[in-house]
Amino acid sequence: MNVFDIIGPVMIGPSSSHTAGAVRLGRVVNKLIDDRQLKKVEIVLSGSFARTYKGHGTDRALLAGIMGYKSYSPEIRDALTIADEKGIDYSFIKEDLKGAHPNTAKIHYYLTDGTEGVMQGASIGGGNILVNQINGMSVEFNGDNNTLLVMHEDKPGVIAGVTNLMHWEHADLNISNFHLSRQEKGGDAIMTIEIDNQPPETLVDDIRQIEHVTNAILIRRI
Amino acid sequence: MLKYETIAELVSEAEKRNIKISELVLEDQAKSMEKEPSKLLDKMATDFDIMVESVNEGSKKNQRSMSGLTGGEGFLMNEYVQRTGGGLSGELMTKAMGRALSVAGCNASMGKIVATPTAGSCGILPGCLVTLYEDRGYDKKDVIMSLFTAGAFGMVIANRASIAGANGGCQAECGSAAAMAAAALVELMGGTPAQCADACAMAISSQMGLVCDPVAGLVEIPCIKRNVSGLMIAFSSADMALAGIKAKIPVDECLDAMKEVGDAMVPALKETAVGGLAGTPTGKKLKEKVFGSNK
């Protein structure tokens with residue numbers, strides 16, 4: 001903690017958990033989409049998000065984050081209009097997701113190139129977030145660190161391939177957190193790797209070359 | 001490096017070196033964040049400018065919250081100050097109240113604010129410090145420095161007790177903000193580090209036990225007005241300390257008591273929008289008005 005955690009953050013009100021945290025959740029999806037074109041989003045609001053989203057502007061905050069705005073962007077207030085202007089088809093669905101944190105959003109996005117994806121995460125207080133699921137696989141990261149997501153087939157040696165590459169090619173990279181999840185033995189799997197320092201642009205492309213790796217995404221600090 | 005586990009540490013270090021708490025904290029934070037002190041000053045100056053902007057933004061006549069439950073409080077207060085020449089509490093205080101209301105209103109209408117320490121309590125520090133800057137002519141640089149003192153006191157409160165309504169009730173949000181502001185006011189007025197600690201202790205003592213009971217779960221009722229009561233407590237605590245009145249219970253013990261009281265508070269009174277004002281017949285009716293009656 002430093003002095004700017006107390007005098008700050010600068011944010012659009014009214015609530016750090018229901019507004020600022022919601023923007024950050026949206027921003028995770030923005031990073032997943034990268035520079036591709038968004039066509040449609042379906043946003044499931046669960047728990048307290050479902051009950052109070054209108055008064056806290058949680059809907060606008062999530063949508064603003066998905067479009068790439070930050071928790072201090074004044075555009076948050078007009079996010080619905082901006083999404084309309086951009087031709088993004090959006091909808092909000094109230095549904096209590098079983099076992100989920102009270103402030104949870106599940107965001108299903110569809111891109112113009114035909115691909116789609118789902119992210120589920122929670123706003124856990126003070127603007128902090130925890131991402132729980134990406135494309136049906138469980139992950140666990142908070143966006144405070146640079147986070148590498150490696151989608152791969154569940155085969156022996158893939159983890160070693162990734163971490164060896166990180167060690168031998170980028171010796172200064174230090175892993176602060178590692179989480180692995182798979183749908184079934186030998187099926188699709190996902191590594192969540194949080195990194196202390198700033199990974200080079202080339203890292204993701206290098207990892208994509210590794211055998212059995214299907215995709216890699218770097219989510220820089222949210 | 002400072003630990004920020006006790007306020008006694010801040011006071012004794014500052015006294016030992018015969019410097020202000022803000023100077024001590026700026027030096028320490030620059031070291032721990034591995035940045036030049038000038039960078040931290042620039043960042044704090046930006047934060048202060050945003051505070052001034054949020055005062056202006058929230059004082060507009062048409063300011064309305066997202067839910068429509070509140071709005072225009074800052075405007076009404078400012079108009080009253082103009083009309084009466086300072087109402088009952090005098091021009092300085094009523095204008096300060098207007099500023100606290102404006103910033104809290106700006107927050108409720110999705111405007112830009114600095115969370116100090118939280119969004120719910122964001123009107124107290126700007127209410128105090130923008131007033132000393134604009135109405136008492138204090139040097140902007142000194143006002144910005146005093147925010148380092150406020151921030152340091154806030155860090156100790158966060159470490160020792162809590163700054164989240166969900167953990168400690170409103171005493172943790174508006175209570176902490178008032179205590180931080182009281183310390184900053186004392187330093188700006190030329191008080192000693194020990195007087196900063198006394199003012200903080202008196203502000204904490206004055207709001208001990210305050211519950212967090214937002215109507216409909218929104219940061220509006222009673223939050224917006226509690227920013228005013230927090231501001232008044234910050235001013236009165238600072239004035240008492242500067243008058244030489246000492247806190248009888250040392251500040252760090254006050255913080256421990258605040259934590260104990262927060263822990264003992266039932267969940268219905270900790271930001272769950274169940275108890276207190278949220279649970280009154282009118283509170284429930286207002287909730288229905290905003291969200292409908294199904295949930």
# chains A, B, ... in the order shown; residues from 1 in each chain; ligands from 1
>>> residues_around(residues="Val29 of chain A", least_positions_apart="5", cutoff="10 Å", atoms="only C-alpha atoms", output="VMD selection string")
chain A and resid 24 34 62 to 63 65 to 68 107 to 109 117 to 120 134 219
>>> write_last_selection(atoms="N, CA and C atoms", output="PDB file, in the first residue's frame")
ATOM      1  N   ARG A  24     -13.025  -2.220 -14.604  1.00  0.00           N
ATOM      2  CA  ARG A  24     -11.834  -3.081 -14.704  1.00  0.00           C
ATOM      3  C   ARG A  24     -12.193  -4.469 -15.227  1.00  0.00           C
ATOM      4  N   ASP A  34      -8.637  -7.508 -27.903  1.00  0.00           N
ATOM      5  CA  ASP A  34      -7.463  -6.876 -28.507  1.00  0.00           C
ATOM      6  C   ASP A  34      -7.910  -5.848 -29.549  1.00  0.00           C
ATOM      7  N   LEU A  62     -19.376  -1.515 -17.038  1.00  0.00           N
ATOM      8  CA  LEU A  62     -18.914  -2.739 -17.705  1.00  0.00           C
ATOM      9  C   LEU A  62     -18.723  -2.494 -19.198  1.00  0.00           C
ATOM     10  N   LEU A  63     -19.733  -1.862 -19.796  1.00  0.00           N
ATOM     11  CA  LEU A  63     -19.693  -1.607 -21.232  1.00  0.00           C
ATOM     12  C   LEU A  63     -18.536  -0.658 -21.588  1.00  0.00           C
ATOM     13  N   GLY A  65     -15.733  -0.324 -19.953  1.00  0.00           N
ATOM     14  CA  GLY A  65     -14.494  -1.102 -19.843  1.00  0.00           C
ATOM     15  C   GLY A  65     -14.282  -1.981 -21.067  1.00  0.00           C
ATOM     16  N   ILE A  66     -15.356  -2.622 -21.532  1.00  0.00           N
ATOM     17  CA  ILE A  66     -15.254  -3.490 -22.715  1.00  0.00           C
ATOM     18  C   ILE A  66     -14.798  -2.672 -23.921  1.00  0.00           C
ATOM     19  N   MET A  67     -15.236  -1.411 -23.992  1.00  0.00           N
ATOM     20  CA  MET A  67     -14.847  -0.549 -25.115  1.00  0.00           C
ATOM     21  C   MET A  67     -13.468   0.075 -24.894  1.00  0.00           C
ATOM     22  N   GLY A  68     -12.840  -0.225 -23.753  1.00  0.00           N
ATOM     23  CA  GLY A  68     -11.465   0.227 -23.542  1.00  0.00           C
ATOM     24  C   GLY A  68     -11.305   1.459 -22.671  1.00  0.00           C
ATOM     25  N   ILE A 107     -19.449 -12.099 -19.050  1.00  0.00           N
ATOM     26  CA  ILE A 107     -19.531 -11.331 -20.298  1.00  0.00           C
ATOM     27  C   ILE A 107     -19.262 -12.245 -21.493  1.00  0.00           C
ATOM     28  N   HIS A 108     -20.275 -12.397 -22.339  1.00  0.00           N
ATOM     29  CA  HIS A 108     -20.165 -13.208 -23.549  1.00  0.00           C
ATOM     30  C   HIS A 108     -20.014 -12.243 -24.720  1.00  0.00           C
ATOM     31  N   TYR A 109     -18.896 -12.334 -25.443  1.00  0.00           N
ATOM     32  CA  TYR A 109     -18.675 -11.382 -26.536  1.00  0.00           C
ATOM     33  C   TYR A 109     -18.583 -12.092 -27.879  1.00  0.00           C
ATOM     34  N   GLY A 117     -16.225 -15.407 -27.195  1.00  0.00           N
ATOM     35  CA  GLY A 117     -15.572 -15.818 -25.965  1.00  0.00           C
ATOM     36  C   GLY A 117     -16.400 -15.397 -24.759  1.00  0.00           C
ATOM     37  N   VAL A 118     -16.061 -15.984 -23.609  1.00  0.00           N
ATOM     38  CA  VAL A 118     -16.774 -15.659 -22.371  1.00  0.00           C
ATOM     39  C   VAL A 118     -15.765 -15.394 -21.260  1.00  0.00           C
ATOM     40  N   MET A 119     -15.999 -14.354 -20.495  1.00  0.00           N
ATOM     41  CA  MET A 119     -15.196 -14.102 -19.308  1.00  0.00           C
ATOM     42  C   MET A 119     -16.107 -13.910 -18.103  1.00  0.00           C
ATOM     43  N   GLN A 120     -15.754 -14.539 -17.010  1.00  0.00           N
ATOM     44  CA  GLN A 120     -16.507 -14.316 -15.775  1.00  0.00           C
ATOM     45  C   GLN A 120     -15.565 -13.831 -14.693  1.00  0.00           C
ATOM     46  N   ILE A 134     -12.437 -18.073 -18.076  1.00  0.00           N
ATOM     47  CA  ILE A 134     -12.321 -17.606 -19.456  1.00  0.00           C
ATOM     48  C   ILE A 134     -12.650 -18.788 -20.356  1.00  0.00           C
ATOM     49  N   ILE A 219      -2.294 -10.197 -21.059  1.00  0.00           N
ATOM     50  CA  ILE A 219      -3.151  -9.131 -20.546  1.00  0.00           C
ATOM     51  C   ILE A 219      -2.274  -8.246 -19.673  1.00  0.00           C
TER      52      ILE A 219
END
>>> interface_residues(of="chain B", to="chain A", cutoff="6 Å", atoms="only C-alpha atoms", output="ChimeraX atom specification")
/B:66-67,107-108,110-117,119,151
>>> select_by_dssp(residues="segment 111-272 of chain B", states="helix (DSSP H, G or I)", output="PyMOL selection string")
chain B and resi 124-134+140-160+165-168+170-188+193-207+215-217+223-242+251-264+267-269
>>> residues_around(residues="Glu23 of chain B", least_positions_apart="6", cutoff="9 Å", atoms="only C-alpha atoms", output="number ranges by chain")
B: 14, 145, 148-149
>>> write_last_selection(atoms="C-alpha atoms", output="PDB file, in the first residue's frame")
ATOM      1  CA  ALA B  14       8.924  13.851  12.568  1.00  0.00           C
ATOM      2  CA  MET B 145       1.816  18.631   0.991  1.00  0.00           C
ATOM      3  CA  PHE B 148       0.678  13.400   2.290  1.00  0.00           C
ATOM      4  CA  THR B 149      -0.049  13.747   6.010  1.00  0.00           C
TER       5      THR B 149
END
>>> closest_residue(among="B:Leu92, B:Ala243, B:Ala100, B:Val261", to="Ile124 of chain B", atoms="only C-alpha atoms")
B:Ala100
